[in-house]
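S.K.: Next comes the structure file structure_27.txt, holding compact mmCIF, C-alpha atoms.
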# COMPACT_ATOMS: atom_id res chain seq x y z
CA PHE Y 1 29.67 -13.24 61.50
CA SER Y 2 32.11 -10.44 60.87
CA ARG Y 3 31.79 -8.21 57.85
CA LEU Y 4 35.47 -7.28 58.07
CA PHE Y 5 36.55 -10.92 58.13
CA PHE Y 6 34.23 -11.77 55.22
CA LYS Y 7 35.65 -8.87 53.20
CA LYS Y 8 39.23 -9.99 53.84
CA LEU Y 9 38.35 -13.58 53.00
CA MET Y 10 36.65 -12.61 49.73
CA SER Y 11 39.59 -10.43 48.68
CA LYS Y 12 41.85 -13.48 48.80
CA MET Y 13 39.38 -16.18 47.77
CA THR Y 14 38.05 -14.37 44.70
CA LEU Y 15 41.51 -14.05 43.18
CA VAL Y 16 42.24 -17.73 43.76
CA ILE Y 17 38.93 -18.80 42.20
CA LEU Y 18 39.42 -16.54 39.17
CA ASN Y 19 43.03 -17.65 38.85
CA ASP Y 20 42.22 -21.36 38.89
CA GLY Y 21 39.12 -20.96 36.74
CA ILE Y 22 40.84 -19.03 33.96
CA TRP Y 23 43.85 -21.34 34.24
CA GLY Y 24 41.51 -24.30 33.65
CA LEU Y 25 40.21 -22.68 30.48
CA GLY Y 26 43.76 -22.05 29.31
CA THR Y 27 44.87 -25.61 29.86
CA ALA Y 28 41.85 -26.76 27.86
CA GLY Y 29 43.51 -24.91 24.99
CA TYR Y 30 46.40 -27.36 25.17
CA THR Y 31 44.01 -30.29 24.90
CA ILE Y 32 42.36 -28.79 21.83
CA MET Y 33 45.77 -28.11 20.30
CA TYR Y 34 46.98 -31.67 20.81
CA ALA Y 35 43.72 -33.04 19.43
CA ARG Y 36 44.14 -30.99 16.26
CA MET Y 37 47.68 -32.33 15.86
CA GLY Y 38 46.25 -35.81 15.30
CA THR Y 39 44.70 -38.79 17.04
CA GLY Y 40 48.11 -40.33 17.69
CA VAL Y 41 49.26 -37.15 19.43
CA ILE Y 42 46.20 -36.87 21.67
CA ALA Y 43 46.53 -40.57 22.54
CA ALA Y 44 50.18 -40.12 23.54
CA MET Y 45 49.33 -37.03 25.60
CA THR Y 46 46.48 -38.83 27.35
CA ILE Y 47 48.89 -41.55 28.45
CA ALA Y 48 51.57 -39.04 29.46
CA ASN Y 49 49.07 -36.94 31.42
CA THR Y 50 47.89 -40.04 33.28
CA LEU Y 51 51.45 -40.64 34.43
CA PHE Y 52 51.84 -36.95 35.25
CA ASN Y 53 48.76 -37.01 37.47
CA PHE Y 54 50.32 -39.80 39.53
CA LEU Y 55 53.59 -37.89 39.82
CA PHE Y 56 51.89 -34.59 40.64
CA ILE Y 57 50.30 -36.11 43.74
CA PHE Y 58 53.66 -35.74 45.49
CA ALA Y 59 53.98 -32.05 44.61
CA LEU Y 60 50.38 -31.50 45.69
CA GLY Y 61 51.04 -33.15 49.03
CA ILE Y 62 54.19 -31.17 49.77
CA GLY Y 63 52.67 -27.85 48.68
CA SER Y 64 49.47 -28.36 50.65
CA GLY Y 65 51.28 -29.58 53.76
CA LEU Y 66 53.73 -26.68 53.65
CA ALA Y 67 50.85 -24.20 53.22
CA ILE Y 68 49.44 -25.36 56.57
CA MET Y 69 52.81 -25.10 58.34
CA VAL Y 70 53.75 -21.72 56.87
CA GLY Y 71 50.24 -20.35 57.30
CA ASN Y 72 50.11 -21.36 60.97
CA SER Y 73 53.50 -19.76 61.60
CA LEU Y 74 52.57 -16.52 59.85
CA GLY Y 75 49.25 -16.39 61.72
CA ALA Y 76 51.13 -16.73 65.00
CA ASP Y 77 53.60 -13.97 64.01
CA LYS Y 78 56.43 -16.52 64.00
CA PHE Y 79 57.99 -15.09 60.87
CA ASP Y 80 61.45 -16.61 61.26
CA GLN Y 81 59.88 -20.03 61.70
CA ALA Y 82 57.75 -19.50 58.60
CA LYS Y 83 60.86 -18.65 56.58
CA ARG Y 84 62.66 -21.75 57.87
CA TYR Y 85 59.70 -23.94 56.96
CA ALA Y 86 59.52 -22.39 53.50
CA HIS Y 87 63.24 -22.91 52.88
CA LYS Y 88 63.16 -26.53 54.00
CA GLY Y 89 59.93 -27.16 52.09
CA ILE Y 90 61.44 -25.96 48.83
CA ILE Y 91 64.45 -28.25 49.31
CA ALA Y 92 62.12 -31.16 50.15
CA ALA Y 93 60.08 -30.45 47.00
CA ALA Y 94 63.18 -30.47 44.78
CA LEU Y 95 64.51 -33.71 46.28
CA THR Y 96 61.10 -35.35 46.04
CA GLY Y 97 60.86 -34.35 42.38
CA VAL Y 98 64.22 -35.96 41.65
CA PHE Y 99 63.35 -39.12 43.59
CA VAL Y 100 59.93 -39.58 41.99
CA ALA Y 101 61.37 -38.94 38.53
CA LEU Y 102 63.97 -41.67 39.09
CA VAL Y 103 61.30 -44.09 40.29
CA MET Y 104 59.20 -43.34 37.23
CA LEU Y 105 62.24 -43.88 35.01
CA VAL Y 106 62.51 -47.42 36.39
CA PHE Y 107 58.83 -48.28 35.97
CA ARG Y 108 57.95 -46.16 32.93
CA ASP Y 109 58.41 -48.87 30.30
CA ILE Y 110 56.48 -51.40 32.38
CA ILE Y 111 53.54 -49.01 32.68
CA LEU Y 112 53.60 -48.13 28.98
CA SER Y 113 53.66 -51.82 28.05
CA LEU Y 114 50.17 -52.13 29.52
CA TYR Y 115 48.79 -50.03 26.67
CA SER Y 116 47.96 -51.53 23.28
CA ILE Y 117 49.10 -48.68 21.04
CA GLN Y 118 50.97 -48.14 17.79
CA GLU Y 119 54.72 -47.72 17.80
CA ASP Y 120 54.67 -43.99 16.94
CA VAL Y 121 52.21 -43.30 19.77
CA LEU Y 122 54.39 -45.29 22.18
CA GLN Y 123 57.48 -43.35 21.13
CA ASN Y 124 55.72 -40.02 21.55
CA ALA Y 125 54.54 -41.07 25.00
CA LYS Y 126 58.10 -42.04 25.94
CA ASP Y 127 59.54 -38.76 24.65
CA VAL Y 128 56.96 -36.68 26.51
CA THR Y 129 57.47 -38.59 29.76
CA ASN Y 130 61.24 -38.13 29.38
CA ILE Y 131 60.70 -34.36 29.30
CA LEU Y 132 58.27 -34.63 32.18
CA MET Y 133 60.75 -36.52 34.33
CA LEU Y 134 63.47 -33.96 33.64
CA ILE Y 135 61.28 -31.02 34.57
CA LEU Y 136 59.47 -32.67 37.50
CA PRO Y 137 61.76 -31.16 40.19
CA VAL Y 138 61.01 -27.70 38.78
CA ILE Y 139 57.27 -28.46 38.79
CA CYS Y 140 57.49 -29.50 42.44
CA ILE Y 141 59.43 -26.35 43.39
CA GLU Y 142 57.07 -24.09 41.46
CA PHE Y 143 53.92 -25.58 42.98
CA THR Y 144 55.40 -25.51 46.47
CA LEU Y 145 56.36 -21.85 46.12
CA PHE Y 146 52.94 -20.86 44.78
CA ILE Y 147 50.70 -22.88 47.07
CA GLY Y 148 52.87 -23.53 50.08
CA VAL Y 149 54.58 -20.16 50.45
CA LEU Y 150 53.25 -17.19 48.48
CA ARG Y 151 49.53 -17.91 48.86
CA SER Y 152 50.07 -18.65 52.55
CA GLY Y 153 51.25 -15.06 52.90
CA GLY Y 154 48.22 -13.73 51.03
CA ASP Y 155 50.21 -12.92 47.89
CA THR Y 156 47.36 -14.11 45.67
CA LEU Y 157 47.39 -11.21 43.22
CA TYR Y 158 51.02 -11.77 42.29
CA CYS Y 159 50.41 -15.51 41.94
CA ALA Y 160 47.42 -14.91 39.66
CA VAL Y 161 49.30 -12.47 37.42
CA VAL Y 162 52.34 -14.73 37.07
CA ASP Y 163 50.31 -17.91 36.64
CA LEU Y 164 48.05 -16.57 33.90
CA SER Y 165 50.79 -14.57 32.16
CA ALA Y 166 53.02 -17.63 31.93
CA LEU Y 167 50.14 -19.63 30.48
CA PHE Y 168 48.64 -17.16 28.01
CA PHE Y 169 51.76 -15.21 26.99
CA VAL Y 170 54.47 -17.89 27.11
CA GLY Y 171 53.48 -21.57 27.14
CA LEU Y 172 50.32 -21.62 25.04
CA PRO Y 173 51.47 -19.18 22.31
CA LEU Y 174 54.85 -20.89 21.91
CA ALA Y 175 53.21 -24.31 21.69
CA LEU Y 176 50.65 -23.10 19.13
CA VAL Y 177 53.36 -21.57 16.95
CA GLY Y 178 55.47 -24.71 17.19
CA ALA Y 179 52.52 -26.96 16.35
CA PHE Y 180 50.75 -25.06 13.57
CA VAL Y 181 53.34 -22.67 12.12
CA PHE Y 182 56.53 -24.73 12.18
CA HIS Y 183 54.77 -28.13 12.42
CA TRP Y 184 57.31 -29.42 14.90
CA PRO Y 185 56.91 -32.90 16.44
CA LEU Y 186 55.07 -33.46 19.70
CA PRO Y 187 58.11 -33.60 22.03
CA ILE Y 188 59.27 -30.14 20.95
CA VAL Y 189 55.75 -28.72 21.18
CA TYR Y 190 55.36 -30.19 24.66
CA LEU Y 191 58.71 -28.73 25.69
CA LEU Y 192 57.54 -25.31 24.49
CA ALA Y 193 54.32 -25.72 26.44
CA ARG Y 194 56.28 -26.57 29.57
CA SER Y 195 58.28 -23.34 29.25
CA GLU Y 196 55.52 -21.73 31.32
CA THR Y 197 56.65 -23.87 34.26
CA ILE Y 198 60.15 -22.41 34.07
CA VAL Y 199 58.76 -18.87 33.95
CA ARG Y 200 56.50 -19.45 36.96
CA ALA Y 201 59.30 -21.11 38.94
CA VAL Y 202 61.73 -18.24 38.33
CA ALA Y 203 59.14 -15.53 39.01
CA SER Y 204 57.88 -17.19 42.18
CA PHE Y 205 61.41 -17.80 43.49
CA ILE Y 206 62.31 -14.13 42.95
CA ARG Y 207 59.16 -13.13 44.82
CA TYR Y 208 59.94 -15.61 47.58
CA LYS Y 209 63.39 -14.08 48.12
CA THR Y 210 61.89 -10.60 48.66
CA ASN Y 211 60.03 -11.84 51.78
CA ILE Y 212 56.97 -9.78 50.80
CA TRP Y 213 54.88 -12.82 51.67
CA VAL Y 214 56.17 -12.83 55.26
CA LYS Y 215 53.17 -11.21 56.95
CA ASN Y 216 50.18 -12.08 59.08
CA VAL Y 217 47.13 -11.85 56.81
CA THR Y 218 44.63 -12.35 59.65
Starting from the coordinates I provided, produce the structure as structure tokens.
M.R.:
Amino acid sequence: FSRLFFKKLMSKMTLVILNDGIWGLGTAGYTIMYARMGTGVIAAMTIANTLFNFLFIFALGIGSGLAIMVGNSLGADKFDQAKRYAHKGIIAAALTGVFVALVMLVFRDIILSLYSIQEDVLQNAKDVTNILMLILPVICIEFTLFIGVLRSGGDTLYCAVVDLSALFFVGLPLALVGAFVFHWPLPIVYLLARSETIVRAVASFIRYKTNIWVKNVT
């Protein structure tokens, strides 16, 4: 047991736990919002989120795998190798997002046909999945940058600030205004909610380019 190691571990771990915990509460706000928009809306979002969870597995795999590779390289002071891995990982994430989106485009209607739902719910589910497929490469890049690169370099504070700011000051407020002030349809509200993904992707890419994360945190 090393008090110094435990202190360093807690300084990183606590931020990640708080980040993910508060983020979970924020995303619950989306669920409540969709539920208050109507039963048809929450049904469409449930279907769309089921498809999203299948698609997100690929981003999760790339981000987690890259975190191991980048983390090992940084821990061994192989900084150039870590930067090469990060660069190639981001490209792989983008290409995977495009590929998976195209596959889902082929099978989307077949999957949706398995559900016994009303026509308006089906149309909403299609519209939301269309948006999801378009933005999937960005989701893959964003997750890979956050989990696979920045957190590997111990940049957890920046990740927490960007993650929660995008959620509570961009995506959720815009979606709430669109839903309950302007009463826009679900696809537009969902697009507003997804604006947080764009913000996180841009902010994390800018941070990635600074190379602040290129350091041995051990």
S.K.: At a cut-off of 10 Å around the point (56.5, -42.0, 16.9) (file coordinates), what residues fall inside when counting all atoms listed in the file? I'd like the answer as a list in words.
M.R.: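 Residues close enough to count: Gly40, Val41, Ala44, Gln118, Glu119, Asp120, Val121, Leu122, Gln123, Asn124, Ala125, Lys126, Asp127, Pro185, Leu186 and Pro187 of chain Y.
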S.K.: Need the shell around range 49-52 of chain Y: protein/DNA/RNA residues with any atom at most 9 Å away, counting all atoms listed in the file. Skip same-chain ones fewer than 6 positions apart. Format as a ChimeraX atom specification?
M.R.: /Y:104,108,111,129,132-133
S.K.: When you draw a straight line from CA of Gly153 in chain Y to CA of Thr218 in chain Y, how long is it in Å?
M.R.: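 About the pair CA of Gly153 in chain Y and CA of Thr218 in chain Y: they are 9.8 Å apart.
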S.K.: Box along x, y and z, 5 Å on every side, all listed atoms of range 61-76 of chain Y inside: centre and edge lengths in Å to one decimal, as lines of an AutoDock Vina configuration file.
M.R.:
center_x = 51.7
center_y = -24.8
center_z = 56.8
size_x = 14.9
size_y = 26.8
size_z = 26.3
S.K.: Identify, on the basis of only C-alpha atoms, every residue whose closest approach to Tyr208 in chain Y does not exceed 12 Å; exclude the query and any residue fewer than 2 positions from it along the same chain; express the result as a PyMOL selection string.
M.R.: chain Y and resi 82-83+86-87+90+141-142+144-153+155+158-159+200-206+210-214
S.K.: Hey, can you check how far CA of Asn216 in chain Y sits from CA of Gln81 in chain Y?
M.R.: 12.8 Å
S.K.: Taking only C-alpha atoms into account, name the residue in Y:Met13, Y:Ile47, Y:Ile110, Y:Met33 that is nearest to Gly178 in chain Y.
M.R.: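 Comparing Y:Met13, Y:Ile47, Y:Ile110, Y:Met33 against Gly178 in chain Y, the winner is Y:Met33.
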S.K.: Counting only C-alpha atoms, which residue out of Y:Ala43, Y:Cys140, Y:Ala94, Y:Val162 sits closest to Tyr115 in chain Y?
M.R.: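 Checking each candidate against Tyr115 in chain Y, we get Y:Ala43 as the closest.
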S.K.: Tell me, in Å to one decimal, how far CA of Val161 in chain Y is from CA of Arg194 in chain Y.
M.R.: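 Separation of CA of Val161 in chain Y and CA of Arg194 in chain Y: 17.6 Å.
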S.K.: So, counting only C-alpha atoms, which residue among Y:Leu15, Y:Ile22, Y:Met37, Y:Val103 is closest to Ala175 in chain Y?
M.R.: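 Closest to Ala175 in chain Y of all the choices is Y:Met37.
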